[in-house]
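A.B. asks: This is start_18.txt, which holds compact mmCIF, C-alpha atoms:
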```txt
# COMPACT_ATOMS: atom_id res chain seq x y z
CA MET A 1415 -73.21 -7.78 2.54
CA ALA A 1416 -74.85 -8.01 5.94
CA ALA A 1417 -73.01 -9.92 8.60
CA ALA A 1418 -74.41 -13.36 9.38
CA VAL A 1419 -76.44 -13.61 12.55
CA VAL A 1420 -75.24 -16.39 14.84
CA ARG A 1421 -78.05 -17.98 16.77
CA ARG A 1422 -77.18 -19.95 19.89
CA GLY A 1423 -79.41 -22.47 21.60
CA PRO A 1424 -79.52 -22.56 25.44
CA ALA A 1425 -76.53 -24.94 25.70
CA GLY A 1426 -74.45 -22.96 23.21
CA TRP A 1427 -75.29 -19.66 24.91
CA TRP A 1428 -74.25 -21.04 28.30
CA ARG A 1429 -70.88 -22.29 26.93
CA TRP A 1430 -70.26 -18.86 25.38
CA HIS A 1431 -71.31 -17.08 28.61
CA ARG A 1432 -69.02 -19.29 30.73
CA ARG A 1433 -66.06 -18.54 28.41
CA VAL A 1434 -66.73 -14.83 28.82
CA MET A 1435 -66.89 -15.16 32.63
CA VAL A 1436 -63.64 -17.17 32.77
CA CYS A 1437 -61.91 -14.65 30.51
CA SER A 1438 -63.22 -11.73 32.58
CA ARG A 1439 -61.95 -13.26 35.82
CA THR A 1440 -58.53 -13.94 34.28
CA MET A 1441 -58.28 -10.29 33.24
CA ALA A 1442 -59.55 -9.07 36.62
CA SER A 1443 -56.28 -10.02 38.38
CA LYS A 1444 -55.95 -7.38 41.08
CA THR A 1445 -59.62 -6.68 41.80
CA PRO A 1446 -60.63 -7.22 45.47
CA VAL A 1447 -60.60 -10.75 46.86
CA GLY A 1448 -62.83 -11.70 49.76
CA PHE A 1449 -61.44 -13.83 52.58
CA ILE A 1450 -63.64 -15.33 55.31
CA GLY A 1451 -62.07 -17.11 58.29
CA LEU A 1452 -58.88 -15.61 59.73
CA GLY A 1453 -57.81 -18.33 62.15
CA ASN A 1454 -54.47 -20.14 62.41
CA MET A 1455 -54.54 -21.02 58.70
CA GLY A 1456 -56.69 -18.27 57.21
CA ASN A 1457 -54.62 -15.45 58.73
CA PRO A 1458 -51.32 -16.24 56.96
CA MET A 1459 -53.14 -17.26 53.77
CA ALA A 1460 -54.90 -13.89 53.55
CA LYS A 1461 -51.63 -12.11 54.35
CA ASN A 1462 -49.98 -13.82 51.38
CA LEU A 1463 -52.71 -12.47 49.11
CA VAL A 1464 -51.93 -8.99 50.43
CA LYS A 1465 -48.20 -9.56 49.83
CA HIS A 1466 -49.00 -10.40 46.20
CA GLY A 1467 -50.78 -7.09 45.77
CA TYR A 1468 -54.40 -8.17 46.07
CA PRO A 1469 -56.75 -5.81 47.92
CA VAL A 1470 -58.65 -8.01 50.36
CA VAL A 1471 -62.11 -7.79 51.91
CA VAL A 1472 -62.19 -9.76 55.16
CA TYR A 1473 -64.61 -11.17 57.71
CA ASP A 1474 -64.22 -13.32 60.81
CA VAL A 1475 -66.70 -14.15 63.57
CA PHE A 1476 -64.11 -12.77 66.00
CA PRO A 1477 -63.70 -9.06 65.12
CA GLU A 1478 -60.28 -8.87 66.78
CA ALA A 1479 -58.95 -11.26 64.13
CA CYS A 1480 -59.63 -8.56 61.51
CA LYS A 1481 -57.78 -5.72 63.23
CA GLU A 1482 -54.32 -6.39 61.81
CA PHE A 1483 -55.82 -6.64 58.32
CA GLN A 1484 -57.46 -3.28 58.80
CA ASP A 1485 -53.99 -1.96 59.66
CA LEU A 1486 -52.77 -3.50 56.37
CA GLY A 1487 -55.41 -1.57 54.45
CA ALA A 1488 -57.99 -4.33 54.06
CA GLN A 1489 -61.71 -3.68 54.05
CA VAL A 1490 -63.32 -5.20 57.15
CA THR A 1491 -66.98 -6.24 56.88
CA GLU A 1492 -69.79 -7.23 59.22
CA SER A 1493 -70.85 -10.50 57.57
CA PRO A 1494 -70.08 -12.98 54.76
CA ALA A 1495 -72.91 -11.37 52.78
CA ASP A 1496 -71.11 -8.02 52.96
CA VAL A 1497 -67.96 -9.68 51.60
CA ALA A 1498 -69.96 -11.05 48.66
CA GLU A 1499 -71.33 -7.59 47.98
CA ARG A 1500 -67.82 -6.14 47.64
CA ALA A 1501 -65.88 -8.96 45.95
CA ASP A 1502 -66.64 -11.45 43.18
CA ARG A 1503 -63.81 -13.81 44.15
CA ILE A 1504 -64.06 -15.20 47.68
CA ILE A 1505 -61.98 -17.70 49.65
CA THR A 1506 -63.29 -19.33 52.82
CA MET A 1507 -61.19 -21.13 55.46
CA LEU A 1508 -63.44 -22.46 58.21
CA PRO A 1509 -63.26 -25.17 60.91
CA SER A 1510 -66.06 -27.55 59.94
CA SER A 1511 -69.06 -28.37 57.74
CA PRO A 1512 -71.59 -26.43 59.88
CA HIS A 1513 -69.36 -23.34 59.83
CA ALA A 1514 -69.08 -23.53 56.04
CA GLN A 1515 -72.84 -24.02 55.63
CA GLU A 1516 -73.54 -20.99 57.82
CA ALA A 1517 -71.00 -18.84 55.94
CA TYR A 1518 -72.52 -19.70 52.56
CA THR A 1519 -76.22 -20.33 53.14
CA GLY A 1520 -76.94 -18.73 56.54
CA GLY A 1521 -79.06 -15.65 57.14
CA ASN A 1522 -76.09 -13.37 56.43
CA GLY A 1523 -74.29 -15.84 54.22
CA ILE A 1524 -72.38 -15.30 51.00
CA LEU A 1525 -75.25 -16.48 48.81
CA LYS A 1526 -77.54 -13.74 50.15
CA LYS A 1527 -75.65 -11.10 48.16
CA VAL A 1528 -73.40 -13.05 45.80
CA LYS A 1529 -72.92 -11.55 42.33
CA LYS A 1530 -73.62 -13.65 39.26
CA GLY A 1531 -70.40 -15.10 37.89
CA SER A 1532 -68.61 -14.95 41.26
CA LEU A 1533 -65.92 -17.54 41.99
CA LEU A 1534 -66.24 -19.09 45.47
CA ILE A 1535 -63.31 -21.18 46.73
CA ASP A 1536 -63.70 -23.13 49.97
CA SER A 1537 -60.40 -24.23 51.56
CA SER A 1538 -62.05 -25.68 54.67
CA THR A 1539 -61.85 -29.41 55.27
CA ILE A 1540 -65.48 -30.56 55.26
CA ASP A 1541 -67.68 -33.48 54.21
CA PRO A 1542 -67.50 -33.93 50.40
CA ALA A 1543 -71.30 -34.21 50.39
CA VAL A 1544 -71.56 -30.75 51.95
CA SER A 1545 -69.22 -29.34 49.29
CA LYS A 1546 -71.55 -30.71 46.64
CA GLU A 1547 -74.59 -29.17 48.36
CA LEU A 1548 -72.88 -25.77 48.51
CA ALA A 1549 -71.84 -26.04 44.87
CA LYS A 1550 -75.45 -26.66 43.85
CA ALA A 1551 -76.69 -23.74 45.95
CA ALA A 1552 -74.04 -21.45 44.41
CA GLU A 1553 -74.94 -22.61 40.90
CA ASN A 1554 -78.58 -21.72 41.56
CA MET A 1555 -77.42 -18.17 42.29
CA GLY A 1556 -75.29 -17.99 39.13
CA ALA A 1557 -71.98 -18.41 40.99
CA VAL A 1558 -69.24 -21.06 40.77
CA PHE A 1559 -68.15 -23.03 43.86
CA MET A 1560 -64.90 -25.02 44.10
CA ASP A 1561 -63.54 -27.02 47.02
CA ALA A 1562 -59.82 -26.49 47.60
CA PRO A 1563 -58.71 -27.91 50.98
CA VAL A 1564 -55.04 -27.58 51.92
CA SER A 1565 -52.18 -29.61 53.32
CA GLY A 1566 -48.99 -28.38 54.94
CA GLY A 1567 -50.02 -26.81 58.23
CA VAL A 1568 -49.46 -23.37 59.68
CA GLY A 1569 -45.76 -23.27 58.76
CA ALA A 1570 -46.52 -23.87 55.09
CA ALA A 1571 -49.37 -21.34 55.25
CA ARG A 1572 -46.95 -18.69 56.51
CA ALA A 1573 -44.33 -19.59 53.89
CA GLY A 1574 -46.85 -19.77 51.05
CA ASN A 1575 -45.97 -23.43 50.44
CA LEU A 1576 -49.36 -25.08 50.92
CA THR A 1577 -50.68 -27.85 48.70
CA PHE A 1578 -54.20 -27.21 47.38
CA MET A 1579 -56.42 -30.09 46.26
CA VAL A 1580 -59.06 -28.60 43.98
CA GLY A 1581 -62.44 -29.96 42.94
CA GLY A 1582 -64.90 -28.25 40.61
CA VAL A 1583 -65.57 -27.22 37.02
CA GLU A 1584 -62.30 -27.73 35.14
CA GLN A 1585 -62.79 -24.60 33.02
CA GLU A 1586 -62.63 -22.55 36.22
CA PHE A 1587 -59.43 -24.13 37.52
CA ASN A 1588 -57.04 -21.56 36.05
CA ALA A 1589 -59.03 -18.69 37.57
CA ALA A 1590 -58.82 -20.40 40.97
CA LYS A 1591 -55.15 -21.28 40.48
CA GLU A 1592 -54.25 -17.59 39.96
CA LEU A 1593 -55.21 -16.92 43.58
CA LEU A 1594 -54.14 -20.23 45.10
CA THR A 1595 -50.57 -20.00 43.79
CA CYS A 1596 -50.17 -16.88 45.95
CA MET A 1597 -50.64 -19.11 48.97
CA GLY A 1598 -49.28 -22.48 47.85
CA SER A 1599 -46.52 -24.12 45.85
CA ASN A 1600 -48.69 -27.03 44.65
CA VAL A 1601 -52.17 -26.59 43.20
CA VAL A 1602 -53.61 -29.88 41.95
CA TYR A 1603 -56.87 -30.34 40.03
CA CYS A 1604 -58.60 -33.47 41.39
CA GLY A 1605 -61.88 -33.59 39.42
CA GLU A 1606 -65.49 -32.63 40.11
CA VAL A 1607 -66.66 -30.82 43.24
CA GLY A 1608 -65.93 -32.91 46.34
CA THR A 1609 -62.83 -34.67 45.01
CA GLY A 1610 -60.55 -32.09 46.62
CA GLN A 1611 -62.14 -32.94 49.97
CA ALA A 1612 -61.80 -36.65 49.24
CA ALA A 1613 -58.04 -36.27 48.65
CA LYS A 1614 -57.63 -34.21 51.82
CA ILE A 1615 -59.54 -36.70 53.98
CA CYS A 1616 -57.38 -39.57 52.70
CA ASN A 1617 -54.21 -37.58 53.35
CA ASN A 1618 -55.19 -36.68 56.91
CA MET A 1619 -56.20 -40.22 57.77
CA LEU A 1620 -52.75 -41.40 56.68
CA LEU A 1621 -51.12 -38.51 58.56
CA ALA A 1622 -52.88 -39.46 61.81
CA ILE A 1623 -51.90 -43.11 61.44
CA SER A 1624 -48.26 -42.23 60.73
CA MET A 1625 -48.08 -39.75 63.63
CA ILE A 1626 -49.40 -42.36 66.06
CA GLY A 1627 -46.93 -44.90 64.66
CA THR A 1628 -44.05 -42.45 65.00
CA ALA A 1629 -45.07 -41.61 68.57
CA GLU A 1630 -45.31 -45.30 69.49
CA ALA A 1631 -41.91 -46.13 67.96
CA MET A 1632 -40.20 -43.15 69.61
CA ASN A 1633 -41.77 -43.97 73.00
CA LEU A 1634 -40.73 -47.62 72.78
CA GLY A 1635 -37.18 -46.73 71.75
CA ILE A 1636 -36.79 -44.24 74.60
CA ARG A 1637 -38.00 -46.85 77.12
CA LEU A 1638 -35.48 -49.29 75.68
CA GLY A 1639 -32.71 -46.81 76.46
CA LEU A 1640 -32.20 -45.07 73.11
CA ASP A 1641 -31.47 -41.37 72.93
CA PRO A 1642 -34.48 -39.76 71.15
CA LYS A 1643 -32.38 -37.65 68.78
CA LEU A 1644 -30.31 -40.69 67.82
CA LEU A 1645 -33.42 -42.80 67.29
CA ALA A 1646 -35.00 -40.08 65.13
CA LYS A 1647 -31.80 -39.87 63.07
CA ILE A 1648 -31.83 -43.64 62.52
CA LEU A 1649 -35.51 -43.72 61.60
CA ASN A 1650 -35.00 -40.88 59.13
CA MET A 1651 -32.25 -42.73 57.27
CA SER A 1652 -34.18 -46.01 57.33
CA SER A 1653 -37.37 -47.48 55.90
CA GLY A 1654 -39.51 -46.16 58.76
CA ARG A 1655 -38.95 -42.57 57.70
CA CYS A 1656 -42.06 -40.40 57.21
CA TRP A 1657 -43.16 -36.74 57.46
CA SER A 1658 -44.12 -37.23 61.10
CA SER A 1659 -40.61 -38.39 61.95
CA ASP A 1660 -38.41 -36.14 59.79
CA THR A 1661 -40.38 -32.88 59.56
CA TYR A 1662 -42.82 -32.80 62.50
CA ASN A 1663 -41.31 -35.08 65.13
CA PRO A 1664 -43.62 -35.43 68.14
CA VAL A 1665 -40.89 -35.81 70.80
CA PRO A 1666 -39.90 -32.66 72.69
CA GLY A 1667 -36.25 -31.75 72.17
CA VAL A 1668 -35.74 -33.66 68.93
CA MET A 1669 -36.51 -30.79 66.54
CA GLU A 1670 -36.80 -27.02 66.76
CA GLY A 1671 -39.62 -24.96 65.29
CA VAL A 1672 -42.31 -27.63 65.68
CA PRO A 1673 -45.19 -27.80 68.20
CA SER A 1674 -43.45 -30.50 70.29
CA ALA A 1675 -40.74 -27.91 71.01
CA ASN A 1676 -43.37 -25.47 72.30
CA ASN A 1677 -45.51 -27.59 74.64
CA TYR A 1678 -47.58 -28.64 71.61
CA GLN A 1679 -48.94 -25.14 71.09
CA GLY A 1680 -49.92 -23.93 67.60
CA GLY A 1681 -49.92 -26.24 64.60
CA PHE A 1682 -52.88 -28.48 63.75
CA GLY A 1683 -55.21 -29.00 66.69
CA THR A 1684 -56.20 -32.39 68.04
CA THR A 1685 -59.88 -31.40 67.76
CA LEU A 1686 -59.46 -30.73 64.05
CA MET A 1687 -57.67 -34.04 63.50
CA ALA A 1688 -60.46 -35.87 65.29
CA LYS A 1689 -62.98 -34.04 63.10
CA ASP A 1690 -61.15 -34.99 59.90
CA LEU A 1691 -60.88 -38.61 60.98
CA GLY A 1692 -64.62 -38.53 61.64
CA LEU A 1693 -65.16 -37.37 58.06
CA ALA A 1694 -62.99 -40.26 56.87
CA GLN A 1695 -65.10 -42.69 58.90
CA ILE A 1696 -68.32 -41.35 57.36
CA SER A 1697 -66.88 -41.66 53.86
CA ALA A 1698 -65.59 -45.17 54.60
CA THR A 1699 -69.03 -46.23 55.84
CA ASN A 1700 -70.77 -44.71 52.82
CA THR A 1701 -68.42 -46.49 50.41
CA LYS A 1702 -68.18 -49.73 52.44
CA THR A 1703 -64.40 -49.32 52.65
CA PRO A 1704 -62.52 -51.11 55.46
CA VAL A 1705 -60.26 -48.67 57.36
CA PRO A 1706 -59.29 -50.46 60.60
CA LEU A 1707 -56.23 -48.30 61.31
CA GLY A 1708 -58.17 -45.15 60.47
CA SER A 1709 -60.90 -46.23 62.90
CA GLN A 1710 -58.36 -46.85 65.66
CA ALA A 1711 -56.70 -43.47 65.00
CA HIS A 1712 -60.12 -41.80 65.24
CA GLN A 1713 -60.75 -43.40 68.65
CA ILE A 1714 -57.32 -42.35 69.96
CA TYR A 1715 -57.80 -38.72 68.94
CA ARG A 1716 -61.31 -38.68 70.40
CA MET A 1717 -59.89 -39.96 73.70
CA MET A 1718 -57.26 -37.24 73.57
CA CYS A 1719 -59.97 -34.60 73.20
CA ALA A 1720 -61.79 -36.01 76.22
CA LYS A 1721 -58.63 -36.01 78.35
CA GLY A 1722 -57.53 -32.41 77.96
CA TYR A 1723 -55.59 -32.46 74.68
CA ALA A 1724 -58.27 -30.85 72.50
CA LEU A 1725 -56.43 -27.56 72.02
CA LYS A 1726 -52.95 -29.05 71.70
CA ASP A 1727 -51.31 -29.94 68.39
CA PHE A 1728 -52.13 -33.43 67.13
CA SER A 1729 -48.49 -34.51 67.64
CA ALA A 1730 -49.26 -34.43 71.39
CA VAL A 1731 -50.32 -38.05 70.87
CA PHE A 1732 -46.74 -38.83 71.99
CA GLN A 1733 -47.39 -37.20 75.37
CA PHE A 1734 -50.79 -38.90 75.55
CA LEU A 1735 -49.26 -42.34 74.99
CA ARG A 1736 -46.55 -41.66 77.58
CA GLU A 1737 -49.25 -40.98 80.16
CA GLU A 1738 -51.68 -43.73 79.15
CA GLU A 1739 -49.96 -46.88 80.41
CA THR A 1740 -53.15 -48.92 80.07
CA LEU A 1741 -53.73 -48.44 76.33
```
Please go through the file and, once you have read it, give me the structure as structure tokens.

C.D. replies:
Amino acid sequence: MAAAVVRRGPAGWWRWHRRVMVCSRTMASKTPVGFIGLGNMGNPMAKNLVKHGYPVVVYDVFPEACKEFQDLGAQVTESPADVAERADRIITMLPSSPHAQEAYTGGNGILKKVKKGSLLIDSSTIDPAVSKELAKAAENMGAVFMDAPVSGGVGAARAGNLTFMVGGVEQEFNAAKELLTCMGSNVVYCGEVGTGQAAKICNNMLLAISMIGTAEAMNLGIRLGLDPKLLAKILNMSSGRCWSSDTYNPVPGVMEGVPSANNYQGGFGTTLMAKDLGLAQISATNTKTPVPLGSQAHQIYRMMCAKGYALKDFSAVFQFLREEETL
């Protein structure tokens, strides 16, 4: 008896094709992974992929950033398009929306040479609307785009303890998670494309507010005669405790291994915090959401950028407040 012929309509064929692509990516495990953007965060993230046995294909606008990866055996390319030609799973970690748009849709962008069925994961912190635009452009080329911004900072990136907030097609989440768990201890599915960015923007707005609050409280206590280490100890056993006070204290001499112990070098730059707070302001305006403390935090970090703190860690707000008697 002849086998029955199964006929699939367009929708049924696409569901079947997607299942095949997801299965293929799951089985592909140690095939090359592209990584674009090897800055303070991207560098340790890509290194953790190497540590987990993944061959990586890298690109950065600054060629010197690629040298140590070449020494580790990575393939170094000349453009994002070249990365897409050599890998069908690509992670990007870039400073802002324009950088991400250029990397994906520019003249030598990923989408110029992307393979059908490729999985594109953007860990930059950008405007959710831009994530959605890039997802649509990737879909038009037969690829899958997911936003997966991170929280935890450079220390967590080095330790592989980042938190990833992922937005995109749910059926693709496990394929993305396989790679992201090499770089993070928490990988959370948030919903459709753009929701990962939404979660990150909310987190960073709260982080900025709490850092400013911690800096203000520590500054006031010191001027009232309290020893900063003692004050930090009291805060951290009391209701005022927060990540900014117990893990990333902004006062020099209170903690070791944080930017405040190193003249606010390294860590998460003030420019980037100001950028993220700007994204929060745009989202708040678009959704008619009142964020008075977020707005004030945005203004403070913008002033810091204008007064020489742009390249310092965002916890330098303590130093800024110490110097700005008129605020």

A.B. asks: Which residues are close to region 1529-1544 of chain A, i.e. within 6 Å by only C-alpha atoms, leaving aside same-chain residues fewer than 2 positions away? Reply as a VMD selection string.

C.D. replies: chain A and resid 1502 to 1508 1510 to 1511 1546 to 1547 1556 to 1563 1608 1611

A.B. asks: Ranking A:Lys1444, A:Arg1637, A:His1513, A:Lys1481 by minimum distance to Gly1467 (chain A) and counting all atoms listed in the file, which one comes first?

C.D. replies: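 Between A:Lys1444, A:Arg1637, A:His1513, A:Lys1481, the residue approaching Gly1467 (chain A) most closely is A:Lys1444.
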
A.B. asks: Name the closest residue to Glu1630 (chain A) among the candidates A:Tyr1715, A:Phe1449, A:Phe1734, A:Phe1476; distances are taken between atoms, counting only C-alpha atoms.

C.D. replies: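 Nearest candidate to Glu1630 (chain A) out of A:Tyr1715, A:Phe1449, A:Phe1734, A:Phe1476: A:Phe1734.
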
A.B. asks: Could you name the residues that touch Ala1675 (chain A) at 12 Å or less, counting only C-alpha atoms, but leaving out those on the same chain fewer than 2 positions away, as a ChimeraX atom specification?

C.D. replies: /A:1662-1673,1677-1681,1727,1729-1730

A.B. asks: Put those residues in a file: C-alpha atoms, as a PDB file, in the frame of the given file.

C.D. replies:
```
ATOM      1  CA  TYR A1662     -42.820 -32.800  62.500  1.00  0.00           C
ATOM      2  CA  ASN A1663     -41.310 -35.080  65.130  1.00  0.00           C
ATOM      3  CA  PRO A1664     -43.620 -35.430  68.140  1.00  0.00           C
ATOM      4  CA  VAL A1665     -40.890 -35.810  70.800  1.00  0.00           C
ATOM      5  CA  PRO A1666     -39.900 -32.660  72.690  1.00  0.00           C
ATOM      6  CA  GLY A1667     -36.250 -31.750  72.170  1.00  0.00           C
ATOM      7  CA  VAL A1668     -35.740 -33.660  68.930  1.00  0.00           C
ATOM      8  CA  MET A1669     -36.510 -30.790  66.540  1.00  0.00           C
ATOM      9  CA  GLU A1670     -36.800 -27.020  66.760  1.00  0.00           C
ATOM     10  CA  GLY A1671     -39.620 -24.960  65.290  1.00  0.00           C
ATOM     11  CA  VAL A1672     -42.310 -27.630  65.680  1.00  0.00           C
ATOM     12  CA  PRO A1673     -45.190 -27.800  68.200  1.00  0.00           C
ATOM     13  CA  ASN A1677     -45.510 -27.590  74.640  1.00  0.00           C
ATOM     14  CA  TYR A1678     -47.580 -28.640  71.610  1.00  0.00           C
ATOM     15  CA  GLN A1679     -48.940 -25.140  71.090  1.00  0.00           C
ATOM     16  CA  GLY A1680     -49.920 -23.930  67.600  1.00  0.00           C
ATOM     17  CA  GLY A1681     -49.920 -26.240  64.600  1.00  0.00           C
ATOM     18  CA  ASP A1727     -51.310 -29.940  68.390  1.00  0.00           C
ATOM     19  CA  SER A1729     -48.490 -34.510  67.640  1.00  0.00           C
ATOM     20  CA  ALA A1730     -49.260 -34.430  71.390  1.00  0.00           C
TER      21      ALA A1730
END
```

A.B. asks: Quote the spacing between CA of Gly1569 (chain A) and CA of Asn1462 (chain A) in Å to one decimal place.

C.D. replies: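 Between CA of Gly1569 (chain A) and CA of Asn1462 (chain A) the gap works out to 12.7 Å.
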
A.B. asks: Residues within 7 Å of Thr1491 (chain A), please, as JSON, numbers by chain. Count only C-alpha atoms; anything in the same chain fewer than 3 positions from it doesn't count.

C.D. replies: {"A": [1472, 1473, 1496, 1497]}

A.B. asks: Check the smallest atom-to-atom distance from each of A:Gly1566, A:Lys1461, A:Phe1587, A:Lys1614 to Ser1599 (chain A) using only C-alpha atoms, then report the winner.

C.D. replies: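 Using only C-alpha atoms, the shortest distance to Ser1599 (chain A) belongs to A:Gly1566.
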
A.B. asks: May I ask for the distance between CA of Asp1485 (chain A) and CA of Ile1450 (chain A), given in Å to one decimal place?

C.D. replies: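 These atoms are spaced 17.1 Å apart.
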
A.B. asks: Residues at most 9 Å from Leu1548 (chain A), counting all atoms listed in the file, excluding those fewer than 5 positions away in the same chain, as a PyMOL selection string?

C.D. replies: chain A and resi 1514-1515+1518-1519+1543+1553+1559
